[in-house]
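Enquirer: Sharing model-v6.pdb, PDB, C-alpha atoms:
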```
MODEL        1
ATOM      1  CA  MET A 280      64.546 -52.945 -13.954
ATOM      2  CA  PHE A 281      60.927 -53.058 -15.006
ATOM      3  CA  SER A 282      57.853 -53.358 -12.862
ATOM      4  CA  TYR A 283      54.662 -54.829 -14.322
ATOM      5  CA  GLU A 284      51.201 -53.396 -13.808
ATOM      6  CA  LYS A 285      48.421 -55.911 -14.420
ATOM      7  CA  LYS A 286      46.351 -53.655 -16.688
ATOM      8  CA  LEU A 287      46.448 -52.262 -20.228
ATOM      9  CA  GLN A 288      47.344 -48.644 -20.979
ATOM     10  CA  TYR A 289      43.968 -48.313 -22.779
ATOM     11  CA  PRO A 290      41.120 -50.858 -22.462
ATOM     12  CA  VAL A 291      40.593 -53.612 -25.050
ATOM     13  CA  ASN A 292      37.206 -55.367 -24.849
ATOM     14  CA  ILE A 293      36.202 -56.879 -28.182
ATOM     15  CA  LYS A 294      32.797 -58.593 -28.148
ATOM     16  CA  ASN A 295      32.912 -60.207 -31.600
ATOM     17  CA  PRO A 296      35.842 -62.427 -32.658
ATOM     18  CA  ASN A 297      37.030 -61.690 -36.204
ATOM     19  CA  PRO A 298      40.077 -63.670 -37.389
ATOM     20  CA  ALA A 299      40.234 -61.724 -40.670
ATOM     21  CA  LEU A 300      41.015 -58.568 -38.681
ATOM     22  CA  ALA A 301      43.514 -60.403 -36.460
ATOM     23  CA  LYS A 302      45.378 -61.367 -39.634
ATOM     24  CA  VAL A 303      46.090 -57.731 -40.519
ATOM     25  CA  ILE A 304      46.410 -56.231 -37.009
ATOM     26  CA  ILE A 305      49.146 -58.766 -36.120
ATOM     27  CA  SER A 306      51.446 -56.577 -38.262
ATOM     28  CA  GLN A 307      51.600 -54.049 -35.442
ATOM     29  CA  TYR A 308      52.810 -56.884 -33.170
ATOM     30  CA  GLY A 309      55.709 -58.179 -35.262
ATOM     31  CA  GLY A 310      55.658 -56.317 -38.569
ATOM     32  CA  PRO A 311      58.268 -53.879 -39.944
ATOM     33  CA  ASP A 312      56.671 -50.831 -38.258
ATOM     34  CA  GLY A 313      55.161 -52.688 -35.287
ATOM     35  CA  GLU A 314      55.354 -52.176 -31.548
ATOM     36  CA  LEU A 315      57.958 -54.899 -30.930
ATOM     37  CA  GLY A 316      60.428 -53.183 -33.252
ATOM     38  CA  ALA A 317      59.525 -49.806 -31.754
ATOM     39  CA  SER A 318      60.217 -50.822 -28.147
ATOM     40  CA  LEU A 319      63.399 -52.684 -29.100
ATOM     41  CA  ARG A 320      64.641 -49.718 -31.158
ATOM     42  CA  TYR A 321      64.170 -47.081 -28.435
ATOM     43  CA  LEU A 322      65.213 -49.215 -25.480
ATOM     44  CA  SER A 323      68.396 -50.159 -27.383
ATOM     45  CA  GLN A 324      69.203 -46.707 -28.766
ATOM     46  CA  ARG A 325      69.046 -45.091 -25.339
ATOM     47  CA  PHE A 326      72.341 -46.625 -24.166
ATOM     48  CA  SER A 327      74.346 -44.438 -26.552
ATOM     49  CA  MET A 328      72.166 -41.315 -26.205
ATOM     50  CA  PRO A 329      74.293 -38.429 -24.943
ATOM     51  CA  TYR A 330      71.904 -36.005 -23.206
ATOM     52  CA  PRO A 331      69.707 -36.548 -20.123
ATOM     53  CA  GLU A 332      66.512 -35.378 -21.890
ATOM     54  CA  LEU A 333      67.124 -37.955 -24.626
ATOM     55  CA  LYS A 334      67.983 -40.787 -22.241
ATOM     56  CA  GLY A 335      64.702 -40.070 -20.420
ATOM     57  CA  LEU A 336      62.657 -39.730 -23.612
ATOM     58  CA  LEU A 337      63.958 -42.932 -25.224
ATOM     59  CA  THR A 338      63.373 -44.868 -21.990
ATOM     60  CA  ASP A 339      59.831 -43.548 -21.543
ATOM     61  CA  VAL A 340      58.734 -43.988 -25.154
ATOM     62  CA  GLY A 341      60.357 -47.444 -25.276
ATOM     63  CA  VAL A 342      58.486 -48.515 -22.165
ATOM     64  CA  GLU A 343      55.194 -47.140 -23.523
ATOM     65  CA  GLU A 344      55.734 -49.133 -26.731
ATOM     66  CA  LEU A 345      55.954 -52.326 -24.653
ATOM     67  CA  GLY A 346      52.525 -51.388 -23.297
ATOM     68  CA  HIS A 347      51.314 -50.955 -26.883
ATOM     69  CA  LEU A 348      52.744 -54.373 -27.821
ATOM     70  CA  GLU A 349      50.625 -55.791 -25.016
ATOM     71  CA  MET A 350      47.522 -53.984 -26.308
ATOM     72  CA  ILE A 351      48.023 -55.343 -29.846
ATOM     73  CA  GLY A 352      48.540 -58.836 -28.400
ATOM     74  CA  ALA A 353      45.282 -58.464 -26.444
ATOM     75  CA  ILE A 354      43.423 -57.327 -29.587
ATOM     76  CA  VAL A 355      44.709 -60.311 -31.612
ATOM     77  CA  TYR A 356      43.965 -62.692 -28.729
ATOM     78  CA  GLN A 357      40.401 -61.449 -28.348
ATOM     79  CA  LEU A 358      39.731 -61.448 -32.100
ATOM     80  CA  THR A 359      40.730 -65.128 -32.362
ATOM     81  CA  ARG A 360      39.001 -66.648 -29.345
ATOM     82  CA  ASN A 361      36.391 -69.454 -29.517
ATOM     83  CA  LEU A 362      36.840 -70.026 -33.264
ATOM     84  CA  SER A 363      35.442 -73.013 -35.143
ATOM     85  CA  ILE A 364      37.460 -74.610 -37.946
ATOM     86  CA  ASP A 365      34.837 -73.359 -40.423
ATOM     87  CA  GLU A 366      35.311 -69.759 -39.224
ATOM     88  CA  ILE A 367      39.099 -70.136 -39.476
ATOM     89  CA  LYS A 368      38.835 -71.386 -43.069
ATOM     90  CA  LYS A 369      36.276 -68.788 -44.126
ATOM     91  CA  ALA A 370      38.379 -65.888 -42.771
ATOM     92  CA  GLY A 371      41.536 -67.109 -44.492
ATOM     93  CA  PHE A 372      43.124 -67.601 -41.062
ATOM     94  CA  ASP A 373      44.089 -71.192 -41.934
ATOM     95  CA  ALA A 374      47.728 -70.468 -42.887
ATOM     96  CA  TYR A 375      48.420 -68.681 -39.584
ATOM     97  CA  PHE A 376      46.467 -71.366 -37.707
ATOM     98  CA  THR A 377      48.646 -74.096 -39.212
ATOM     99  CA  ASP A 378      51.829 -72.502 -37.853
ATOM    100  CA  HIS A 379      50.652 -70.920 -34.587
ATOM    101  CA  THR A 380      47.118 -72.210 -33.809
ATOM    102  CA  THR A 381      45.651 -69.136 -32.070
ATOM    103  CA  GLY A 382      48.868 -68.179 -30.258
ATOM    104  CA  VAL A 383      50.131 -64.626 -30.728
ATOM    105  CA  TYR A 384      53.318 -64.681 -32.843
ATOM    106  CA  PRO A 385      55.371 -61.647 -33.931
ATOM    107  CA  THR A 386      54.871 -61.546 -37.681
ATOM    108  CA  ALA A 387      53.955 -59.049 -40.391
ATOM    109  CA  ALA A 388      50.495 -59.199 -41.982
ATOM    110  CA  SER A 389      52.236 -60.096 -45.240
ATOM    111  CA  GLY A 390      53.720 -63.214 -43.597
ATOM    112  CA  ALA A 391      57.363 -62.363 -42.780
ATOM    113  CA  PRO A 392      58.252 -63.083 -39.144
ATOM    114  CA  TYR A 393      59.674 -60.273 -36.999
ATOM    115  CA  ASN A 394      63.061 -59.202 -38.301
ATOM    116  CA  ALA A 395      65.459 -56.781 -36.594
ATOM    117  CA  PHE A 396      66.498 -55.614 -40.087
ATOM    118  CA  SER A 397      63.400 -53.413 -39.920
ATOM    119  CA  MET A 398      65.107 -51.235 -37.297
ATOM    120  CA  GLN A 399      68.488 -49.681 -36.645
ATOM    121  CA  VAL A 400      70.647 -48.534 -33.746
ATOM    122  CA  LYS A 401      73.289 -46.356 -35.412
ATOM    123  CA  GLY A 402      74.962 -45.019 -32.275
ATOM    124  CA  ASP A 403      74.771 -41.471 -33.676
ATOM    125  CA  VAL A 404      72.312 -39.047 -32.140
ATOM    126  CA  ILE A 405      71.163 -37.362 -35.371
ATOM    127  CA  ALA A 406      70.849 -40.613 -37.340
ATOM    128  CA  ASP A 407      69.011 -42.385 -34.508
ATOM    129  CA  LEU A 408      66.533 -39.567 -33.861
ATOM    130  CA  HIS A 409      65.742 -39.292 -37.576
ATOM    131  CA  GLU A 410      65.134 -43.054 -37.613
ATOM    132  CA  ASP A 411      62.755 -42.590 -34.666
ATOM    133  CA  LEU A 412      60.831 -39.771 -36.351
ATOM    134  CA  ALA A 413      60.439 -41.909 -39.502
ATOM    135  CA  ALA A 414      59.416 -44.939 -37.428
ATOM    136  CA  GLU A 415      56.597 -43.021 -35.722
ATOM    137  CA  GLN A 416      55.275 -41.818 -39.091
ATOM    138  CA  LYS A 417      55.450 -45.320 -40.600
ATOM    139  CA  ALA A 418      53.538 -46.740 -37.636
ATOM    140  CA  ARG A 419      50.998 -43.907 -37.960
ATOM    141  CA  VAL A 420      50.418 -44.837 -41.625
ATOM    142  CA  THR A 421      50.011 -48.516 -40.675
ATOM    143  CA  TYR A 422      47.315 -47.539 -38.150
ATOM    144  CA  ASP A 423      45.662 -45.294 -40.771
ATOM    145  CA  ASN A 424      45.640 -48.245 -43.189
ATOM    146  CA  LEU A 425      44.208 -50.542 -40.509
ATOM    147  CA  LEU A 426      41.464 -48.016 -39.714
ATOM    148  CA  ARG A 427      40.423 -48.145 -43.390
ATOM    149  CA  LEU A 428      39.949 -51.914 -43.003
ATOM    150  CA  ILE A 429      38.168 -52.002 -39.624
ATOM    151  CA  ASP A 430      34.458 -51.288 -38.996
ATOM    152  CA  ASP A 431      33.985 -52.714 -35.484
ATOM    153  CA  PRO A 432      34.083 -49.805 -32.972
ATOM    154  CA  ASP A 433      35.424 -52.180 -30.241
ATOM    155  CA  VAL A 434      38.534 -52.620 -32.414
ATOM    156  CA  ARG A 435      38.684 -49.085 -33.814
ATOM    157  CA  GLU A 436      38.844 -47.350 -30.420
ATOM    158  CA  PRO A 437      42.123 -48.888 -29.153
ATOM    159  CA  ILE A 438      43.632 -48.625 -32.670
ATOM    160  CA  LYS A 439      42.714 -44.913 -32.771
ATOM    161  CA  PHE A 440      44.374 -44.450 -29.371
ATOM    162  CA  LEU A 441      47.554 -46.143 -30.625
ATOM    163  CA  ARG A 442      47.554 -44.008 -33.780
ATOM    164  CA  GLU A 443      47.385 -40.837 -31.678
ATOM    165  CA  ARG A 444      50.358 -41.974 -29.609
ATOM    166  CA  GLU A 445      52.486 -42.195 -32.769
ATOM    167  CA  VAL A 446      51.709 -38.533 -33.472
ATOM    168  CA  VAL A 447      52.630 -37.485 -29.902
ATOM    169  CA  HIS A 448      55.862 -39.509 -29.935
ATOM    170  CA  TYR A 449      56.799 -37.933 -33.281
ATOM    171  CA  GLN A 450      56.342 -34.506 -31.688
ATOM    172  CA  ARG A 451      58.513 -35.419 -28.667
ATOM    173  CA  PHE A 452      61.276 -36.889 -30.881
ATOM    174  CA  GLY A 453      61.242 -33.668 -32.944
ATOM    175  CA  GLU A 454      61.823 -31.715 -29.743
ATOM    176  CA  GLY A 455      64.556 -34.188 -28.799
ATOM    177  CA  LEU A 456      66.300 -33.565 -32.119
ATOM    178  CA  ARG A 457      66.109 -29.808 -31.475
ATOM    179  CA  ILE A 458      67.602 -30.283 -27.999
ATOM    180  CA  ALA A 459      70.446 -32.293 -29.553
ATOM    181  CA  THR A 460      71.229 -29.859 -32.383
ATOM    182  CA  ASP A 461      71.135 -26.901 -29.948
ATOM    183  CA  LYS A 462      74.054 -28.532 -28.163
ATOM    184  CA  LEU A 463      76.043 -29.135 -31.373
ATOM    185  CA  ASP A 464      78.187 -26.886 -33.545
ATOM    186  CA  ALA A 465      75.599 -24.686 -35.296
ATOM    187  CA  LYS A 466      77.866 -24.328 -38.348
ATOM    188  CA  ASN A 467      78.299 -28.091 -38.776
ATOM    189  CA  PHE A 468      76.014 -30.528 -36.932
ATOM    190  CA  TYR A 469      78.189 -33.375 -38.209
ATOM    191  CA  ALA A 470      81.525 -32.041 -36.910
ATOM    192  CA  PHE A 471      81.500 -34.774 -34.264
ATOM    193  CA  ASN A 472      79.197 -37.523 -32.983
ATOM    194  CA  PRO A 473      78.231 -36.688 -29.374
ATOM    195  CA  SER A 474      77.289 -40.340 -28.799
ATOM    196  CA  PHE A 475      80.890 -41.362 -29.518
ATOM    197  CA  ASP A 476      83.203 -38.337 -29.320
ATOM    198  CA  LYS A 477      82.227 -37.624 -25.712
ATOM    199  CA  HIS A 478      85.159 -35.269 -25.073
ATOM    200  CA  CYS A 479      83.699 -32.846 -27.655
ATOM    201  CA  ASN A 480      80.396 -32.303 -25.805
ATOM    202  CA  LYS A 481      80.072 -28.706 -24.668
ATOM    203  CA  ARG A 482      78.534 -28.317 -21.262
TER     204      ARG A 482
ATOM    205  CA  MET B  94      30.105 -51.335 -18.111
ATOM    206  CA  ASN B  95      30.318 -52.749 -14.577
ATOM    207  CA  GLU B  96      31.605 -50.805 -11.554
ATOM    208  CA  ARG B  97      35.067 -52.382 -11.709
ATOM    209  CA  ASN B  98      35.536 -51.424 -15.357
ATOM    210  CA  LYS B  99      34.293 -47.899 -14.690
ATOM    211  CA  LEU B 100      36.838 -47.412 -11.913
ATOM    212  CA  LEU B 101      39.595 -49.007 -14.006
ATOM    213  CA  LYS B 102      38.798 -46.598 -16.835
ATOM    214  CA  LYS B 103      38.937 -43.593 -14.476
ATOM    215  CA  LEU B 104      42.253 -44.835 -13.069
ATOM    216  CA  SER B 105      43.684 -45.394 -16.562
ATOM    217  CA  ALA B 106      42.621 -41.886 -17.632
ATOM    218  CA  ALA B 107      44.324 -40.321 -14.590
ATOM    219  CA  GLN B 108      47.481 -42.410 -15.088
ATOM    220  CA  PHE B 109      47.502 -41.473 -18.769
ATOM    221  CA  ALA B 110      47.402 -37.747 -17.937
ATOM    222  CA  VAL B 111      50.426 -38.204 -15.661
ATOM    223  CA  TRP B 112      52.276 -40.252 -18.286
ATOM    224  CA  GLU B 113      51.604 -37.736 -21.060
ATOM    225  CA  LEU B 114      52.856 -34.866 -18.892
ATOM    226  CA  GLN B 115      55.966 -36.816 -17.870
ATOM    227  CA  LEU B 116      56.750 -37.423 -21.537
ATOM    228  CA  TYR B 117      56.289 -33.710 -22.246
ATOM    229  CA  LEU B 118      58.555 -32.874 -19.305
ATOM    230  CA  ASP B 119      61.351 -35.027 -20.766
ATOM    231  CA  THR B 120      61.781 -32.370 -23.458
ATOM    232  CA  HIS B 121      60.489 -29.381 -21.399
ATOM    233  CA  PRO B 122      62.016 -30.079 -17.964
ATOM    234  CA  CYS B 123      61.672 -26.461 -16.774
ATOM    235  CA  ASP B 124      57.998 -25.874 -17.660
ATOM    236  CA  GLN B 125      56.581 -24.937 -14.232
ATOM    237  CA  ASN B 126      52.927 -25.097 -15.377
ATOM    238  CA  ALA B 127      53.413 -28.641 -16.629
ATOM    239  CA  ILE B 128      55.215 -29.617 -13.413
ATOM    240  CA  GLU B 129      52.273 -28.325 -11.333
ATOM    241  CA  LEU B 130      49.716 -29.988 -13.598
ATOM    242  CA  CYS B 131      51.640 -33.255 -13.365
ATOM    243  CA  LYS B 132      51.609 -33.083  -9.550
ATOM    244  CA  ARG B 133      47.832 -32.532  -9.522
ATOM    245  CA  HIS B 134      47.148 -35.456 -11.850
ATOM    246  CA  SER B 135      49.589 -37.642  -9.875
ATOM    247  CA  ALA B 136      47.577 -37.008  -6.711
ATOM    248  CA  ASP B 137      44.337 -37.952  -8.535
ATOM    249  CA  ALA B 138      45.905 -41.090  -9.996
ATOM    250  CA  GLU B 139      47.304 -42.117  -6.618
ATOM    251  CA  ALA B 140      43.899 -41.749  -4.916
ATOM    252  CA  LEU B 141      42.157 -43.752  -7.654
ATOM    253  CA  TYR B 142      44.868 -46.429  -7.531
ATOM    254  CA  LYS B 143      44.348 -46.786  -3.779
ATOM    255  CA  GLU B 144      40.578 -47.004  -4.222
ATOM    256  CA  TYR B 145      40.911 -49.649  -6.954
ATOM    257  CA  VAL B 146      43.352 -51.779  -4.957
ATOM    258  CA  GLU B 147      41.131 -51.654  -1.849
ATOM    259  CA  LYS B 148      38.069 -52.777  -3.822
ATOM    260  CA  TYR B 149      39.461 -55.189  -6.387
ATOM    261  CA  GLY B 150      42.977 -56.193  -5.346
ATOM    262  CA  ALA B 151      46.476 -55.125  -6.310
ATOM    263  CA  LEU B 152      47.663 -54.456  -9.845
ATOM    264  CA  ASN B 153      51.341 -55.069  -9.193
ATOM    265  CA  LYS B 154      53.152 -58.075  -7.797
ATOM    266  CA  GLU B 155      55.052 -56.133  -5.144
ATOM    267  CA  CYS B 156      52.051 -55.423  -2.961
ATOM    268  CA  CYS B 157      49.732 -58.373  -3.327
ATOM    269  CA  SER B 158      49.477 -61.979  -2.262
ATOM    270  CA  THR B 159      50.323 -64.812  -4.672
ATOM    271  CA  ALA B 160      46.637 -65.731  -4.822
ATOM    272  CA  GLU B 161      45.753 -62.167  -5.826
ATOM    273  CA  TRP B 162      48.530 -62.071  -8.421
ATOM    274  CA  LEU B 163      47.345 -65.339  -9.952
ATOM    275  CA  SER B 164      43.681 -64.404 -10.007
ATOM    276  CA  ASP B 165      41.731 -63.446 -13.140
ATOM    277  CA  PRO B 166      41.312 -61.206 -15.004
ATOM    278  CA  TRP B 167      44.593 -60.755 -16.844
ATOM    279  CA  PRO B 168      44.971 -57.601 -18.932
ATOM    280  CA  TRP B 169      44.171 -59.430 -22.199
ATOM    281  CA  ASP B 170      40.984 -61.001 -20.827
ATOM    282  CA  ILE B 171      37.668 -59.460 -21.720
ATOM    283  CA  MET B 172      36.566 -57.494 -18.685
ATOM    284  CA  GLY B 173      33.244 -58.760 -17.420
ATOM    285  CA  GLY B 174      33.898 -62.317 -18.617
ATOM    286  CA  ASP B 175      33.516 -64.146 -21.893
ATOM    287  CA  CYS B 176      31.300 -67.219 -21.693
TER     288      CYS B 176
ENDMDL
END
```
Write out the structure in this file as structure tokens.
Expert:
Amino acid sequence: MFSYEKKLQYPVNIKNPNPALAKVIISQYGGPDGELGASLRYLSQRFSMPYPELKGLLTDVGVEELGHLEMIGAIVYQLTRNLSIDEIKKAGFDAYFTDHTTGVYPTAASGAPYNAFSMQVKGDVIADLHEDLAAEQKARVTYDNLLRLIDDPDVREPIKFLREREVVHYQRFGEGLRIATDKLDAKNFYAFNPSFDKHCNKR
Amino acid sequence: MNERNKLLKKLSAAQFAVWELQLYLDTHPCDQNAIELCKRHSADAEALYKEYVEKYGALNKECCSTAEWLSDPWPWDIMGGDC
């Protein structure tokens, strides 16, 4: 069960529309390392997570990513408001406009729509946590790349906040992996899969 | 920044502190210092939430009227209005 709070995790108030920026930032909405994939990955992986700390962590980070998806949607929405057709053409926003007008659609900046092939739920605690660590780093790089392209401080501030969250989540997932391996056979972490071979879990 | 935005920012900062500590506690559930710190920030966030709701209306559907729920601004709107 989820309960909605009618506010963003971090404020987004962009004074100047800029469709050229919307075109690249949309990647964090529906791109391969975006917030939609992130929330779907963690909220799906948690069902097969074996330990309470990991069930809690995956739930919390997954929920926070939904909040980040909302922030990215707000950024794209505000960057594309009150546009004239001339502005749309000049910014190269015409291809997106043709398909989605100024609606917010989950797609990568390079044009591919959201695809669940960009994420995995392996049902194995070590494989899934490594996927999560990699995902946080890939999202961090995407935000670093975006920050190279963005000058407007109204846009930079929320993007910088989101970038920092990737670093914190990476840290927490690292600790989660340590918690998991501490509970496994120290001589062979792969002796059994605690997500599947539940009878092998030592308590 | 108008008064509403200022209060919203203070509330968000307090809620963020709580959230960050809760995330930390997922992997450090026995850290007493963090538990205490989390309680302190929770009390701050709760007080600010109450103040915000009294002045500007509820932020969640459970404790507000339909009219309040349907009223602007929505989270993606520019605070302080556009045109």
Enquirer: So which residues touch Trp169 (chain B) within 10 Å, counting all atoms listed in the file, skipping near sequence neighbours fewer than 4 positions away, as a list in words?
Expert: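 My reading of the contact set: Lys285, Lys286, Leu287, Pro290, Val291, Asn292, Glu349, Met350, Ile351, Gly352, Ala353, Ile354, Val355, Tyr356 and Gln357 of chain A.
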Enquirer: I need the residues from that last selection saved to file as a JSON list (two decimals), in the frame of the given file (with C-alpha atoms), if you can.
Expert:
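To be explicit, this is the file written out as selection-v9.json:
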```json
[["chain", "number", "residue", "atom", "x", "y", "z"],
["A", 285, "LYS", "CA", 48.42, -55.91, -14.42],
["A", 286, "LYS", "CA", 46.35, -53.66, -16.69],
["A", 287, "LEU", "CA", 46.45, -52.26, -20.23],
["A", 290, "PRO", "CA", 41.12, -50.86, -22.46],
["A", 291, "VAL", "CA", 40.59, -53.61, -25.05],
["A", 292, "ASN", "CA", 37.21, -55.37, -24.85],
["A", 349, "GLU", "CA", 50.62, -55.79, -25.02],
["A", 350, "MET", "CA", 47.52, -53.98, -26.31],
["A", 351, "ILE", "CA", 48.02, -55.34, -29.85],
["A", 352, "GLY", "CA", 48.54, -58.84, -28.40],
["A", 353, "ALA", "CA", 45.28, -58.46, -26.44],
["A", 354, "ILE", "CA", 43.42, -57.33, -29.59],
["A", 355, "VAL", "CA", 44.71, -60.31, -31.61],
["A", 356, "TYR", "CA", 43.96, -62.69, -28.73],
["A", 357, "GLN", "CA", 40.40, -61.45, -28.35]]
```
Enquirer: Residues of chain B within 12 Å of chain A, counting all atoms listed in the file - could you list those as JSON, numbers by chain?
Expert: {"B": [94, 98, 99, 100, 101, 102, 103, 104, 105, 106, 107, 108, 109, 110, 112, 113, 114, 115, 116, 117, 118, 119, 120, 121, 122, 123, 142, 145, 146, 150, 151, 152, 153, 154, 155, 156, 157, 161, 162, 163, 164, 165, 166, 167, 168, 169, 170, 171, 172, 173, 174, 175, 176]}
Enquirer: Take the residues that were just selected and, keeping C-alpha atoms, output them as a PDB file, keeping the file's coordinate frame.
Expert:
```
ATOM      1  CA  MET B  94      30.105 -51.335 -18.111  1.00  0.00           C
ATOM      2  CA  ASN B  98      35.536 -51.424 -15.357  1.00  0.00           C
ATOM      3  CA  LYS B  99      34.293 -47.899 -14.690  1.00  0.00           C
ATOM      4  CA  LEU B 100      36.838 -47.412 -11.913  1.00  0.00           C
ATOM      5  CA  LEU B 101      39.595 -49.007 -14.006  1.00  0.00           C
ATOM      6  CA  LYS B 102      38.798 -46.598 -16.835  1.00  0.00           C
ATOM      7  CA  LYS B 103      38.937 -43.593 -14.476  1.00  0.00           C
ATOM      8  CA  LEU B 104      42.253 -44.835 -13.069  1.00  0.00           C
ATOM      9  CA  SER B 105      43.684 -45.394 -16.562  1.00  0.00           C
ATOM     10  CA  ALA B 106      42.621 -41.886 -17.632  1.00  0.00           C
ATOM     11  CA  ALA B 107      44.324 -40.321 -14.590  1.00  0.00           C
ATOM     12  CA  GLN B 108      47.481 -42.410 -15.088  1.00  0.00           C
ATOM     13  CA  PHE B 109      47.502 -41.473 -18.769  1.00  0.00           C
ATOM     14  CA  ALA B 110      47.402 -37.747 -17.937  1.00  0.00           C
ATOM     15  CA  TRP B 112      52.276 -40.252 -18.286  1.00  0.00           C
ATOM     16  CA  GLU B 113      51.604 -37.736 -21.060  1.00  0.00           C
ATOM     17  CA  LEU B 114      52.856 -34.866 -18.892  1.00  0.00           C
ATOM     18  CA  GLN B 115      55.966 -36.816 -17.870  1.00  0.00           C
ATOM     19  CA  LEU B 116      56.750 -37.423 -21.537  1.00  0.00           C
ATOM     20  CA  TYR B 117      56.289 -33.710 -22.246  1.00  0.00           C
ATOM     21  CA  LEU B 118      58.555 -32.874 -19.305  1.00  0.00           C
ATOM     22  CA  ASP B 119      61.351 -35.027 -20.766  1.00  0.00           C
ATOM     23  CA  THR B 120      61.781 -32.370 -23.458  1.00  0.00           C
ATOM     24  CA  HIS B 121      60.489 -29.381 -21.399  1.00  0.00           C
ATOM     25  CA  PRO B 122      62.016 -30.079 -17.964  1.00  0.00           C
ATOM     26  CA  CYS B 123      61.672 -26.461 -16.774  1.00  0.00           C
ATOM     27  CA  TYR B 142      44.868 -46.429  -7.531  1.00  0.00           C
ATOM     28  CA  TYR B 145      40.911 -49.649  -6.954  1.00  0.00           C
ATOM     29  CA  VAL B 146      43.352 -51.779  -4.957  1.00  0.00           C
ATOM     30  CA  GLY B 150      42.977 -56.193  -5.346  1.00  0.00           C
ATOM     31  CA  ALA B 151      46.476 -55.125  -6.310  1.00  0.00           C
ATOM     32  CA  LEU B 152      47.663 -54.456  -9.845  1.00  0.00           C
ATOM     33  CA  ASN B 153      51.341 -55.069  -9.193  1.00  0.00           C
ATOM     34  CA  LYS B 154      53.152 -58.075  -7.797  1.00  0.00           C
ATOM     35  CA  GLU B 155      55.052 -56.133  -5.144  1.00  0.00           C
ATOM     36  CA  CYS B 156      52.051 -55.423  -2.961  1.00  0.00           C
ATOM     37  CA  CYS B 157      49.732 -58.373  -3.327  1.00  0.00           C
ATOM     38  CA  GLU B 161      45.753 -62.167  -5.826  1.00  0.00           C
ATOM     39  CA  TRP B 162      48.530 -62.071  -8.421  1.00  0.00           C
ATOM     40  CA  LEU B 163      47.345 -65.339  -9.952  1.00  0.00           C
ATOM     41  CA  SER B 164      43.681 -64.404 -10.007  1.00  0.00           C
ATOM     42  CA  ASP B 165      41.731 -63.446 -13.140  1.00  0.00           C
ATOM     43  CA  PRO B 166      41.312 -61.206 -15.004  1.00  0.00           C
ATOM     44  CA  TRP B 167      44.593 -60.755 -16.844  1.00  0.00           C
ATOM     45  CA  PRO B 168      44.971 -57.601 -18.932  1.00  0.00           C
ATOM     46  CA  TRP B 169      44.171 -59.430 -22.199  1.00  0.00           C
ATOM     47  CA  ASP B 170      40.984 -61.001 -20.827  1.00  0.00           C
ATOM     48  CA  ILE B 171      37.668 -59.460 -21.720  1.00  0.00           C
ATOM     49  CA  MET B 172      36.566 -57.494 -18.685  1.00  0.00           C
ATOM     50  CA  GLY B 173      33.244 -58.760 -17.420  1.00  0.00           C
ATOM     51  CA  GLY B 174      33.898 -62.317 -18.617  1.00  0.00           C
ATOM     52  CA  ASP B 175      33.516 -64.146 -21.893  1.00  0.00           C
ATOM     53  CA  CYS B 176      31.300 -67.219 -21.693  1.00  0.00           C
TER      54      CYS B 176
END
```
Enquirer: Distance CA of Lys132 (chain B)-CA of Glu144 (chain B), one decimal place?
Expert: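 Computing the Euclidean distance for CA of Lys132 (chain B) and CA of Glu144 (chain B) yields 18.5 Å.
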Enquirer: If I take CA of Pro437 (chain A) and CA of Asp407 (chain A), how far is one from the other in Å, to one decimal?
Expert: 28.2 Å
Enquirer: Between CA of Arg419 (chain A) and CA of Glu445 (chain A), what is the spacing in Å?
Expert: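 A separation of 5.7 Å between them.
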Enquirer: Would you kindly return, as a compact mmCIF listing (two decimals) with C-alpha atoms, in the frame of the given file, each protein, DNA or RNA residue with an atom no farther than 12 Å from any atom of region 320-328 of chain A, considering all atoms listed in the file and excluding same-chain residues fewer than 4 positions away?
Expert:
```
# COMPACT_ATOMS: atom_id res chain seq x y z
CA PHE A 281 60.93 -53.06 -15.01
CA PRO A 311 58.27 -53.88 -39.94
CA ASP A 312 56.67 -50.83 -38.26
CA GLY A 313 55.16 -52.69 -35.29
CA GLU A 314 55.35 -52.18 -31.55
CA LEU A 315 57.96 -54.90 -30.93
CA GLY A 316 60.43 -53.18 -33.25
CA GLU A 332 66.51 -35.38 -21.89
CA LEU A 333 67.12 -37.96 -24.63
CA LYS A 334 67.98 -40.79 -22.24
CA GLY A 335 64.70 -40.07 -20.42
CA LEU A 336 62.66 -39.73 -23.61
CA LEU A 337 63.96 -42.93 -25.22
CA THR A 338 63.37 -44.87 -21.99
CA ASP A 339 59.83 -43.55 -21.54
CA VAL A 340 58.73 -43.99 -25.15
CA GLY A 341 60.36 -47.44 -25.28
CA VAL A 342 58.49 -48.52 -22.16
CA GLU A 343 55.19 -47.14 -23.52
CA GLU A 344 55.73 -49.13 -26.73
CA LEU A 345 55.95 -52.33 -24.65
CA ASN A 394 63.06 -59.20 -38.30
CA ALA A 395 65.46 -56.78 -36.59
CA PHE A 396 66.50 -55.61 -40.09
CA SER A 397 63.40 -53.41 -39.92
CA MET A 398 65.11 -51.24 -37.30
CA GLN A 399 68.49 -49.68 -36.65
CA VAL A 400 70.65 -48.53 -33.75
CA LYS A 401 73.29 -46.36 -35.41
CA GLY A 402 74.96 -45.02 -32.28
CA ASP A 403 74.77 -41.47 -33.68
CA VAL A 404 72.31 -39.05 -32.14
CA ILE A 405 71.16 -37.36 -35.37
CA ALA A 406 70.85 -40.61 -37.34
CA ASP A 407 69.01 -42.38 -34.51
CA LEU A 408 66.53 -39.57 -33.86
CA GLU A 410 65.13 -43.05 -37.61
CA ASP A 411 62.76 -42.59 -34.67
CA LEU A 412 60.83 -39.77 -36.35
CA ALA A 414 59.42 -44.94 -37.43
CA GLU A 415 56.60 -43.02 -35.72
CA HIS A 448 55.86 -39.51 -29.94
CA PHE A 452 61.28 -36.89 -30.88
CA GLY A 455 64.56 -34.19 -28.80
CA LEU A 456 66.30 -33.56 -32.12
CA ALA A 459 70.45 -32.29 -29.55
CA ASN A 472 79.20 -37.52 -32.98
CA PRO A 473 78.23 -36.69 -29.37
CA SER A 474 77.29 -40.34 -28.80
CA PHE A 475 80.89 -41.36 -29.52
CA ASP A 476 83.20 -38.34 -29.32
CA LYS A 477 82.23 -37.62 -25.71
```
